[in-house]
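Dumped model11.csv below, it's CSV, C-alpha atoms:
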chain,number,residue,atom,x,y,z
A,236,LEU,CA,82.7,90.2,105.9
A,237,TYR,CA,81.9,92.6,103.0
A,238,VAL,CA,85.3,94.2,103.2
A,239,TYR,CA,87.1,91.0,102.3
A,240,LEU,CA,84.8,90.0,99.4
A,241,PRO,CA,85.2,91.2,95.8
A,242,ALA,CA,82.3,93.3,94.6
A,243,TYR,CA,81.0,90.6,92.2
A,244,LEU,CA,80.6,88.2,95.1
A,245,CYS,CA,79.4,90.9,97.5
A,246,LEU,CA,76.5,92.0,95.3
A,247,PRO,CA,74.6,88.6,95.3
A,248,LEU,CA,75.3,88.2,99.0
A,249,ALA,CA,74.0,91.7,99.8
A,250,LEU,CA,70.9,91.1,97.7
A,251,GLY,CA,70.3,87.8,99.4
A,252,LEU,CA,70.6,89.3,102.8
A,253,ARG,CA,68.5,92.3,101.7
A,254,ARG,CA,71.3,94.8,102.5
A,255,TRP,CA,70.3,97.4,100.0
A,256,ARG,CA,72.9,100.0,100.8
A,257,MET,CA,75.7,97.4,100.4
A,258,ALA,CA,74.2,96.0,97.2
A,259,THR,CA,74.1,99.6,95.8
A,260,ILE,CA,77.7,100.2,96.7
A,261,ALA,CA,78.8,96.8,95.2
A,262,ALA,CA,76.8,97.5,92.0
A,263,LEU,CA,78.6,100.9,91.7
A,264,VAL,CA,82.0,99.3,92.1
A,265,ILE,CA,81.2,96.7,89.5
A,266,ALA,CA,80.0,99.4,87.1
A,267,CYS,CA,83.2,101.4,87.6
A,268,HIS,CA,85.3,98.2,86.8
A,269,VAL,CA,83.2,97.6,83.7
A,270,VAL,CA,83.7,101.2,82.5
A,271,TRP,CA,87.5,101.0,83.1
A,272,VAL,CA,88.1,97.6,81.6
A,273,ALA,CA,85.5,97.3,78.8
A,274,PRO,CA,87.4,99.6,76.3
A,275,ASP,CA,90.3,97.1,76.3
A,276,PHE,CA,88.0,94.3,75.2
A,277,LEU,CA,85.9,96.4,72.8
A,278,ARG,CA,88.7,97.8,70.6
A,279,ARG,CA,88.6,96.5,67.1
A,280,GLU,CA,92.3,96.7,66.7
A,281,ARG,CA,94.5,94.4,68.8
A,282,SER,CA,97.6,96.5,68.6
A,283,GLY,CA,98.8,99.8,67.3
A,284,LEU,CA,101.3,102.5,66.8
A,285,VAL,CA,101.9,104.9,69.5
A,286,SER,CA,103.0,108.5,69.0
A,287,ALA,CA,105.9,108.9,71.3
A,288,ALA,CA,105.2,112.2,73.0
A,289,GLY,CA,108.4,113.8,74.0
A,290,ALA,CA,110.5,112.0,71.4
A,291,PRO,CA,112.8,114.6,69.7
A,292,ASN,CA,111.0,114.0,66.4
A,293,ASP,CA,107.4,113.3,67.1
A,294,ALA,CA,106.5,112.8,63.5
A,295,GLY,CA,109.4,110.4,62.7
A,296,PHE,CA,109.7,108.1,65.7
A,297,ARG,CA,107.3,105.1,65.6
A,298,LEU,CA,106.7,102.9,68.6
A,299,TYR,CA,104.6,99.7,68.2
A,300,TYR,CA,103.1,97.9,71.1
A,301,GLN,CA,101.2,94.6,71.0
A,302,ASN,CA,100.0,92.0,73.5
A,303,VAL,CA,100.7,89.0,71.3
A,304,ASN,CA,98.7,86.7,73.6
A,305,MET,CA,100.7,83.7,74.9
A,306,TYR,CA,98.0,81.3,73.7
A,307,ALA,CA,97.8,82.7,70.1
A,308,ASP,CA,99.1,80.7,67.2
A,309,ASP,CA,98.6,83.1,64.4
A,310,PHE,CA,102.3,84.1,64.4
A,311,LYS,CA,102.7,84.8,60.7
A,312,SER,CA,99.8,87.2,60.4
A,313,ARG,CA,100.7,89.2,63.5
A,314,ILE,CA,104.4,89.4,62.5
A,315,GLU,CA,103.3,90.7,59.1
A,316,GLU,CA,101.0,93.3,60.8
A,317,ILE,CA,104.0,94.5,62.9
A,318,LEU,CA,106.3,94.8,59.9
A,319,ALA,CA,103.7,96.5,57.8
A,320,ALA,CA,103.5,99.3,60.4
A,321,GLU,CA,107.2,100.1,59.9
A,322,PRO,CA,108.0,101.0,63.5
A,323,ASP,CA,111.4,102.0,64.9
A,324,VAL,CA,110.7,100.2,68.1
A,325,ILE,CA,108.5,97.2,68.9
A,326,ALA,CA,107.3,96.2,72.4
A,327,LEU,CA,105.6,92.8,72.7
A,328,ALA,CA,103.9,91.6,75.9
A,329,GLU,CA,103.2,87.9,76.7
A,330,PHE,CA,106.2,87.0,74.7
A,331,VAL,CA,106.5,83.3,75.5
A,332,PRO,CA,109.0,80.7,74.0
A,333,THR,CA,106.6,79.9,71.1
A,334,TRP,CA,106.5,83.5,70.1
A,335,GLU,CA,110.3,83.8,70.4
A,336,SER,CA,110.7,80.9,68.0
A,337,ALA,CA,108.4,82.5,65.5
A,338,VAL,CA,110.0,85.9,65.7
A,339,ARG,CA,113.5,84.4,65.4
A,340,GLU,CA,112.4,82.8,62.1
A,341,SER,CA,111.0,86.1,60.8
A,342,GLU,CA,112.5,89.3,59.4
A,343,ILE,CA,112.2,91.1,62.8
A,344,PHE,CA,115.6,89.9,63.9
A,345,ALA,CA,117.2,91.3,60.7
A,346,LYS,CA,115.4,94.6,60.7
A,347,PHE,CA,115.5,95.2,64.5
A,348,PRO,CA,119.1,94.1,65.6
A,349,HIS,CA,118.8,95.5,69.1
A,350,ASN,CA,116.6,93.7,71.6
A,351,THR,CA,116.0,93.1,75.3
A,352,LEU,CA,115.8,89.3,75.2
A,353,ARG,CA,117.0,87.8,78.4
A,354,LYS,CA,119.1,84.6,78.5
A,355,ASN,CA,117.3,81.4,79.5
A,356,PRO,CA,114.1,82.7,81.1
A,357,GLN,CA,111.0,80.5,81.4
A,358,SER,CA,109.2,83.3,79.6
A,359,GLN,CA,110.4,86.7,78.3
A,360,GLN,CA,107.0,88.2,79.3
A,361,LEU,CA,107.9,91.5,77.7
A,362,VAL,CA,110.5,92.2,75.0
A,363,VAL,CA,111.6,95.3,73.0
A,364,PHE,CA,113.1,95.1,69.5
A,365,SER,CA,114.7,98.3,68.2
A,366,LYS,CA,116.3,99.6,65.1
A,367,LEU,CA,118.1,102.1,67.3
A,368,PRO,CA,120.8,101.0,69.7
A,369,ILE,CA,119.7,100.4,73.3
A,370,GLU,CA,122.1,102.3,75.5
A,371,LYS,CA,120.9,101.5,78.9
A,372,LEU,CA,118.7,98.6,79.9
A,373,GLU,CA,117.1,97.6,83.2
A,374,TYR,CA,114.7,94.9,84.1
A,375,ARG,CA,112.3,95.6,87.0
A,376,PHE,CA,109.7,93.4,88.6
A,377,ILE,CA,106.7,95.4,89.7
A,378,ALA,CA,104.7,93.9,92.6
A,379,GLY,CA,107.1,91.0,92.6
A,380,ARG,CA,106.1,89.3,89.4
A,381,ARG,CA,105.3,91.8,86.6
A,382,LEU,CA,108.3,92.4,84.4
A,383,ALA,CA,109.0,95.9,83.2
A,384,VAL,CA,111.6,97.0,80.8
A,385,ALA,CA,113.3,100.3,81.1
A,386,ALA,CA,115.6,101.3,78.2
A,387,THR,CA,117.3,104.4,76.9
A,388,LEU,CA,117.5,104.9,73.1
A,389,ARG,CA,119.1,107.7,71.1
A,390,VAL,CA,116.6,109.4,68.8
A,391,GLU,CA,118.3,112.0,66.6
A,392,GLY,CA,121.1,112.3,69.1
A,393,GLN,CA,118.7,112.9,72.0
A,394,PRO,CA,118.1,110.3,74.8
A,395,PHE,CA,114.6,108.8,74.8
A,396,HIS,CA,113.6,106.9,77.9
A,397,LEU,CA,111.3,104.0,77.2
A,398,PHE,CA,109.4,102.2,80.0
A,399,CYS,CA,107.3,99.2,79.0
A,400,ILE,CA,105.1,97.1,81.3
A,401,HIS,CA,102.4,94.5,80.7
A,402,ALA,CA,99.6,96.0,82.7
A,403,PRO,CA,97.0,93.6,84.2
Represent the supplied structure as structure tokens.
Amino acid sequence: LYVYLPAYLCLPLALGLRRWRMATIAALVIACHVVWVAPDFLRRERSGLVSAAGAPNDAGFRLYYQNVNMYADDFKSRIEEILAAEPDVIALAEFVPTWESAVRESEIFAKFPHNTLRKNPQSQQLVVFSKLPIEKLEYRFIAGRRLAVAATLRVEGQPFHLFCIHAP
């Protein structure tokens, strides 16, 4: 029975049944999950620039990633934040139709003419906007439902392979 229950359900059950060893193991599993996941929720910044290791010019190539949150409605402030960072490439996760409408009305389309928008999806999920031409583009579904975008860009004449996924 314990094998099939998540640790957060297993712990109270083990305590109730006075199975101390199982309660200890469940508590350790929960502690590990908290340690792994907590930093994502404790960060003060919700987004950021990423130094693209391996890019031909590490100092000059700027990649910006943000989970825009499908339920958020502060489009203008987030779009201003993105543009203020002056990236070369933008990757946005949870990019739903309301976000697409907001971005289409912003400067992003003018400044980033290359993108990975798909035609007529229910949700883009993940989209990349780039100042640099996207030479090769591939959509992959990980575990059957998680969209990943694989793209090749040219940075100072050299190919740069970009793989973006919205991790759980």
From the list A:Pro332, A:Trp255, A:Phe310, A:Ala402, which residue is nearest Lys354 of chain A when using only C-alpha atoms?
A:Pro332
Smallest atom-to-atom distance to Gln301 of chain A: which of A:Arg253, A:Ile314, A:Leu361, A:Ala326, using only C-alpha atoms?
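For Gln301 of chain A, the nearest of the candidates is A:Ala326.
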Long-range neighbours of Val362 of chain A as a JSON list (two decimals) with C-alpha atoms, keeping the file's coordinate frame, 10 Å cut-off, all atoms listed in the file, 6 positions minimum in chain:
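Result file is around-v8.json:
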[["chain", "number", "residue", "atom", "x", "y", "z"],
["A", 325, "ILE", "CA", 108.50, 97.20, 68.90],
["A", 326, "ALA", "CA", 107.30, 96.20, 72.40],
["A", 327, "LEU", "CA", 105.60, 92.80, 72.70],
["A", 328, "ALA", "CA", 103.90, 91.60, 75.90],
["A", 329, "GLU", "CA", 103.20, 87.90, 76.70],
["A", 330, "PHE", "CA", 106.20, 87.00, 74.70],
["A", 331, "VAL", "CA", 106.50, 83.30, 75.50],
["A", 335, "GLU", "CA", 110.30, 83.80, 70.40],
["A", 350, "ASN", "CA", 116.60, 93.70, 71.60],
["A", 351, "THR", "CA", 116.00, 93.10, 75.30],
["A", 352, "LEU", "CA", 115.80, 89.30, 75.20],
["A", 353, "ARG", "CA", 117.00, 87.80, 78.40],
["A", 382, "LEU", "CA", 108.30, 92.40, 84.40],
["A", 383, "ALA", "CA", 109.00, 95.90, 83.20],
["A", 384, "VAL", "CA", 111.60, 97.00, 80.80],
["A", 399, "CYS", "CA", 107.30, 99.20, 79.00],
["A", 400, "ILE", "CA", 105.10, 97.10, 81.30]]
What is the distance, in Å and to one decimal place, between atom CA of Pro348 of chain A and atom CA of Ser365 of chain A?
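So the two atoms, atom CA of Pro348 of chain A and atom CA of Ser365 of chain A, lie 6.6 Å apart.
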Between A:Val390, A:Arg313, A:Lys366, A:Ala345, single out the one closest to Gly295 of chain A, counting all atoms listed in the file.
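Going through A:Val390, A:Arg313, A:Lys366, A:Ala345 one by one, the smallest distance to Gly295 of chain A is for A:Val390.
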Name the residues in contact with Ile317 of chain A at a cut-off of 12 Å, using all atoms listed in the file, excluding same-chain residues fewer than 3 positions from it; report them as a PyMOL selection string.
chain A and resi 281-284+297-303+310-314+320-327+338+341-343+346-347+364
For C-alpha atoms, I'd like the residues from the last selection saved as a short mmCIF file (atom, residue, chain, number, x, y, z; two decimals), in the frame of the given file.
data_model
loop_
_atom_site.label_atom_id
_atom_site.label_comp_id
_atom_site.auth_asym_id
_atom_site.auth_seq_id
_atom_site.Cartn_x
_atom_site.Cartn_y
_atom_site.Cartn_z
CA ARG A 281 94.50 94.40 68.80
CA SER A 282 97.60 96.50 68.60
CA GLY A 283 98.80 99.80 67.30
CA LEU A 284 101.30 102.50 66.80
CA ARG A 297 107.30 105.10 65.60
CA LEU A 298 106.70 102.90 68.60
CA TYR A 299 104.60 99.70 68.20
CA TYR A 300 103.10 97.90 71.10
CA GLN A 301 101.20 94.60 71.00
CA ASN A 302 100.00 92.00 73.50
CA VAL A 303 100.70 89.00 71.30
CA PHE A 310 102.30 84.10 64.40
CA LYS A 311 102.70 84.80 60.70
CA SER A 312 99.80 87.20 60.40
CA ARG A 313 100.70 89.20 63.50
CA ILE A 314 104.40 89.40 62.50
CA ALA A 320 103.50 99.30 60.40
CA GLU A 321 107.20 100.10 59.90
CA PRO A 322 108.00 101.00 63.50
CA ASP A 323 111.40 102.00 64.90
CA VAL A 324 110.70 100.20 68.10
CA ILE A 325 108.50 97.20 68.90
CA ALA A 326 107.30 96.20 72.40
CA LEU A 327 105.60 92.80 72.70
CA VAL A 338 110.00 85.90 65.70
CA SER A 341 111.00 86.10 60.80
CA GLU A 342 112.50 89.30 59.40
CA ILE A 343 112.20 91.10 62.80
CA LYS A 346 115.40 94.60 60.70
CA PHE A 347 115.50 95.20 64.50
CA PHE A 364 113.10 95.10 69.50
#
Identify which of the residues A:Cys245, A:Leu397, A:Leu250, A:Ala307 lies closest to Leu372 of chain A, counting only C-alpha atoms when measuring atom-to-atom distances.
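When distances to Leu372 of chain A are compared using only C-alpha atoms, the smallest one comes from A:Leu397.
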Atom CA of Thr387 of chain A and atom CA of Lys371 of chain A, how far apart in Å?
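Taking atom CA of Lys371 of chain A and atom CA of Thr387 of chain A, their separation equals 5.0 Å.
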Atom CA of Gln360 of chain A and atom CA of Cys267 of chain A, how far apart in Å?
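These two atoms are separated by 28.5 Å.
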Contact residues around Leu388 of chain A with only C-alpha atoms at 9 Å, ignoring same-chain residues under 6 positions, as a PyMOL selection string:
chain A and resi 365+367-371+394-397
Between A:Asn304, A:Met257, A:Glu316, A:Arg339, which is the closest to His401 of chain A once you count only C-alpha atoms?
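Checking each of A:Asn304, A:Met257, A:Glu316, A:Arg339 against His401 of chain A, counting only C-alpha atoms, the winner is A:Asn304.
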Taking all atoms listed in the file into account, which of A:Ser336, A:Asp309, A:Ile265, A:Ile377 comes nearest Leu244 of chain A?
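Closest residue, counting all atoms listed in the file: A:Ile265.
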